[in-house]
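Working notes for the structure below.
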Amino acid sequence: MEKITKPRGTEDLLFEDTRKWHIMEEIIRTSARKYNFLEIRTPIFEHTDLFVKGVGDTTDVVTKEMYTFLDKKGRSLTLRPEGTTGAIRAYIEHKMYGYDNQPIKLYYMGPMFRYERPQKGRQRQFHQFGVETIGIKSAQVDAETILVGLDVCKGMGLKNLKVLINTLGDNESRLKYREALIEYLLQYKDELCNDCQVRLEKNPLRVLDCKIDSEKEFLVNAPKLIDYLNEESKVYFETVLKILDDLNVDYEIDNRLVRGLDYYTDTIYEVVSLNKESGAQATLFGGGRYDGLSASLGGPDVSGIGFGMGLERMLISAQVENPELFDERPLDVYLMPLSNEVSSYTLTILEQLREAGVVAEMEYFEKSTKAMFKYCERNKIKYAIIIGENELENNTLILKDLENNTQEELSEAWLEIVLERIKK
RNA sequence: GCGAUUGUGGUGAAGUGGUUAACACAACGGUUUGUGGCACCGUCAUUCGCGGGUUCGAUUCCCGUCAAUCGCCCCA
């Protein structure tokens with residue numbers, strides 16, 4: 001009989017995992033709240049066209065990584081590969097550009113889907129936290145998105161990271177540069193690696209950071225984006241950098257930084273983990289500004305900026321850099337019924353403890369005391385409540401301090417005493 | 001889409017062309033019937049990812065397949 005297993009690149013998060021995720025999610029929501037980003041939840045699948053138009057029909061994400069299917073009415077739907085386009089779609093659909101409080105600052109957190117070969121820090125179903133500030137083009141806002149991302153990293157206890165930043169220029173600058181670069185590279189087409197020959201057509205900027213070709217002389221001498229920036233773009237980028245300087249954000253300008261989604265313009269950035277344990281997928285969060293995205297999806301011509309953060313990757317880094325963050329809290333009390341006859345009485349005690357806010361559990365199997373004490377040992381439980389025939393008869397219980405190996409028999413005021421002991 | 005390595009119980013793993021598949025941990029029971037952590041004893045894989053082939057015989061060899069891990073690509 002063939003066993004049915006989880007699909008490739010997906011994960012079951014079991015108790016140990018979800019505990020860690022809750023801790024991370026709490027940190028993220030706290031950061032988002034401080035920076036006044038409000039949560040939206042958009043569908044996990046959208047019309048395929050949304051991503052084709054938004055992310056770009058020549059990108060890898062769209063051409064080979066999407067989970068696309070037809071529904072029963074023959075509509076083409078796609079499991080979202082990223083969060084920004086869905087957020088912008090919702091922004092337009094709900095006419096958020098008309099809301100009182102501008103700009104719109106929103107965040108999302110949830111699963112994304114890309115058909116890729118799984119490896120460390122990369123799953124087919126993965127999770128992202130992302131923020132978007134829509135409706136304003138302002139260097140302060142660019143900086144703010146980086147700050148909120150870094151605040152999450154800080155909350156997770158990550159120190160070993162690097163902020164890479166670059167500008168693509170506004171649409172005008174970028175298009176001019178793109179043309180010049182293609183023209184230049186076409187002269188050397190035969191000298192490019194196979195991948196780059198394809199990139200040349202699709203995303204020529206990528207050729208510049210190709211691992212195989214980037215050292216070649218004609219690439220070193222290739223036209224530079226910075227020379228094609230118009231005055232406005234140049235000033236804008238300098239302003240962003242100035243703000244980061246003033247805030248003491250440690251960054252590195254990386255002229256080769258290019259993003260794989262078509263909608264980016266002007267400021268782009270990427271924050272990478274420097275841990276060896278992060279593996280080849282070290283980018284913790286990355287994003288940038290997108291001037292034309294809303295307009296291209298049929299919305300108003302407003303600018304926006306945001307990033308996506310890979311939560312699996314955050315968790316990998318945090319467990320390396322700050323394992324204490326995930327320390328487990330044991331049960332406050334463990335109840336040990338010494339026979340089946342007292343288990344109902346034990347349950348009534350248990351229920352009163354829980355109502356008082358105590359994290360407690362009882363043994364449901366009929367186990368030897370030896371086994372029950374072993375359980376406490378293994379789970380680092382400090383207090384046990386032991387209940388046998390005598391206790392049932394006298395309406396009492398025995399509270400045992402397992403660390404000091406002392407115990408006391410309690411009657412009427414037992415709950416108060418237990419609460420007091422646990423507090424210590 | 002491409003490449004490398006791997007796939008034996010709840011876990012970590014050893015092992016071999018031939019019927020007892022080591023060992024350790026965990027679990028459970030006992031020595032010790034209501035009081036633990038130590039020690040000792042016992043129990044715990046009709047089976048070696050799945051399918052096919054070679055063979056008298058395959059967990060061990062071959063092919064395929066699925067999956068895991070890591071890398072390329074790409075991205076978060």
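Convention: chains lettered A, B, ... in structure tokens order; per-chain residue numbering from 1; ligands numbered from 1 as shown.
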**Request:** Check the DSSP output for the backbone and give back, as number ranges by chain, the residues of range 80-288 of chain A in helix (DSSP H, G or I).
**Result:** A: 84-93, 96-98, 139-155, 171-186, 189-191, 194-202, 204-209, 217-220, 225-228, 231-246, 276-278
**Prompt:** Per DSSP on the backbone, what are the strand (DSSP E or B) residues of range 97-321 of chain A, as a ChimeraX atom specification?
**Reply:** /A:104-113,119,122,125-134,161-167,251-253,265-273,283-290,304-310
With 7 Å as the cut-off and only C-alpha atoms (C1' of nucleotides) counted, what is the closest atom pair between each nearby residue of chain B and chain A? Distances in Å to one decimal, ordered by chain and number, as a Markdown table.
| residue | atom | partner | partner_atom | distance |
| --- | --- | --- | --- | --- |
| B:G34 | C1' | A:Leu338 | CA | 6.8 |
| B:U35 | C1' | A:Thr369 | CA | 6.4 |
| B:G36 | C1' | A:Phe373 | CA | 4.4 |
| B:C50 | C1' | A:Glu2 | CA | 6.9 |
| B:C70 | C1' | A:Gln119 | CA | 6.7 |
| B:C74 | C1' | A:Asp60 | CA | 6.7 |
| B:A76 | C1' | A:Gly310 | CA | 4.0 |
For the residues selected in the previous step, produce a file with C-alpha atoms (C1' of nucleotides) as a PDB file, in the first residue's frame.
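Wrote it out as result17.pdb, contents follow:
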ATOM      1  C1'   G B  34       1.009   5.152  47.028  1.00  0.00           C
ATOM      2  C1'   U B  35       6.252   8.511  45.467  1.00  0.00           C
ATOM      3  C1'   G B  36      11.026   9.837  40.666  1.00  0.00           C
ATOM      4  C1'   C B  50       7.883   2.213  -3.679  1.00  0.00           C
ATOM      5  C1'   C B  70      22.410  20.361  -0.258  1.00  0.00           C
ATOM      6  C1'   C B  74      15.837  32.138  -9.390  1.00  0.00           C
ATOM      7  C1'   A B  76      11.950  35.914   0.172  1.00  0.00           C
TER       8        A B  76
END
For Thr42 in chain A, find every residue with an atom within 8 Å (counting only C-alpha atoms (C1' of nucleotides)), except residues of its own chain fewer than 5 positions away, and show them as a CSV table (one decimal) with N, CA and C atoms, in the first residue's frame.
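Just written: around_3.csv:
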chain,number,residue,atom,x,y,z
A,86,GLY,N,-1.1,41.3,-5.0
A,86,GLY,CA,-2.4,41.1,-4.4
A,86,GLY,C,-2.8,42.3,-3.5
A,87,ALA,N,-1.9,42.8,-2.8
A,87,ALA,CA,-2.1,43.9,-1.9
A,87,ALA,C,-2.5,45.1,-2.8
A,90,ALA,N,-6.0,44.8,-4.1
A,90,ALA,CA,-7.0,45.1,-3.0
A,90,ALA,C,-7.1,46.6,-2.8
**Message:** With only C-alpha atoms (C1' of nucleotides) as the counted atoms, please give the residues lying no more than 12 Å from A26 in chain B, apart from itself and same-chain residues fewer than 2 positions off, as an MDAnalysis selection string.
**Reply:** (chainID A and resid 374:375 378) or (chainID B and resid 9:12 24 28 44)
Nearby residues (only C-alpha atoms (C1' of nucleotides)) at most 12 Å from C41 in chain B, same-chain spacing under 2 positions excluded, as a PDB file with N, CA and C atoms (P, O5', C5', C4', C3', O3' and C1' of nucleotides), in the first residue's frame:
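So the final result, stored in around.pdb, reads:
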ATOM      1  P     G B  29       4.442   1.050  32.596  1.00  0.00           P
ATOM      2  O5'   G B  29       4.893  -0.457  32.881  1.00  0.00           O
ATOM      3  C5'   G B  29       3.980  -1.521  32.671  1.00  0.00           C
ATOM      4  C4'   G B  29       4.685  -2.836  32.849  1.00  0.00           C
ATOM      5  C3'   G B  29       5.422  -3.028  34.163  1.00  0.00           C
ATOM      6  O3'   G B  29       4.552  -3.373  35.231  1.00  0.00           O
ATOM      7  C1'   G B  29       6.785  -3.769  32.393  1.00  0.00           C
ATOM      8  P     G B  30       4.930  -2.974  36.700  1.00  0.00           P
ATOM      9  O5'   G B  30       6.167  -3.947  37.015  1.00  0.00           O
ATOM     10  C5'   G B  30       5.948  -5.338  37.160  1.00  0.00           C
ATOM     11  C4'   G B  30       7.264  -6.064  37.285  1.00  0.00           C
ATOM     12  C3'   G B  30       8.100  -5.725  38.514  1.00  0.00           C
ATOM     13  O3'   G B  30       7.634  -6.419  39.661  1.00  0.00           O
ATOM     14  C1'   G B  30       9.491  -5.816  36.602  1.00  0.00           C
ATOM     15  P     U B  31       7.791  -5.750  41.080  1.00  0.00           P
ATOM     16  O5'   U B  31       9.346  -5.943  41.375  1.00  0.00           O
ATOM     17  C5'   U B  31       9.862  -7.261  41.562  1.00  0.00           C
ATOM     18  C4'   U B  31      11.363  -7.194  41.726  1.00  0.00           C
ATOM     19  C3'   U B  31      11.855  -6.277  42.836  1.00  0.00           C
ATOM     20  O3'   U B  31      11.809  -6.947  44.091  1.00  0.00           O
ATOM     21  C1'   U B  31      13.145  -5.928  40.879  1.00  0.00           C
ATOM     22  P     A B  39      22.122   4.087  35.421  1.00  0.00           P
ATOM     23  O5'   A B  39      22.180   2.733  36.252  1.00  0.00           O
ATOM     24  C5'   A B  39      23.384   2.360  36.920  1.00  0.00           C
ATOM     25  C4'   A B  39      23.136   1.103  37.713  1.00  0.00           C
ATOM     26  C3'   A B  39      22.544  -0.038  36.908  1.00  0.00           C
ATOM     27  O3'   A B  39      23.554  -0.723  36.199  1.00  0.00           O
ATOM     28  C1'   A B  39      21.362   0.192  38.952  1.00  0.00           C
ATOM     29  P     U B  43      13.286 -10.240  26.140  1.00  0.00           P
ATOM     30  O5'   U B  43      12.021  -9.310  25.887  1.00  0.00           O
ATOM     31  C5'   U B  43      10.698  -9.831  26.068  1.00  0.00           C
ATOM     32  C4'   U B  43       9.687  -8.763  25.735  1.00  0.00           C
ATOM     33  C3'   U B  43       9.899  -8.083  24.392  1.00  0.00           C
ATOM     34  O3'   U B  43       9.345  -8.856  23.333  1.00  0.00           O
ATOM     35  C1'   U B  43       9.500  -6.441  26.046  1.00  0.00           C
TER      36        U B  43
END
**Contacts of Ile165 in chain A within 9 Å, only C-alpha atoms (C1' of nucleotides), excl. fewer than 2 positions in-chain, as a ChimeraX atom specification** = /A:163,167,241,251-255,257,267-271
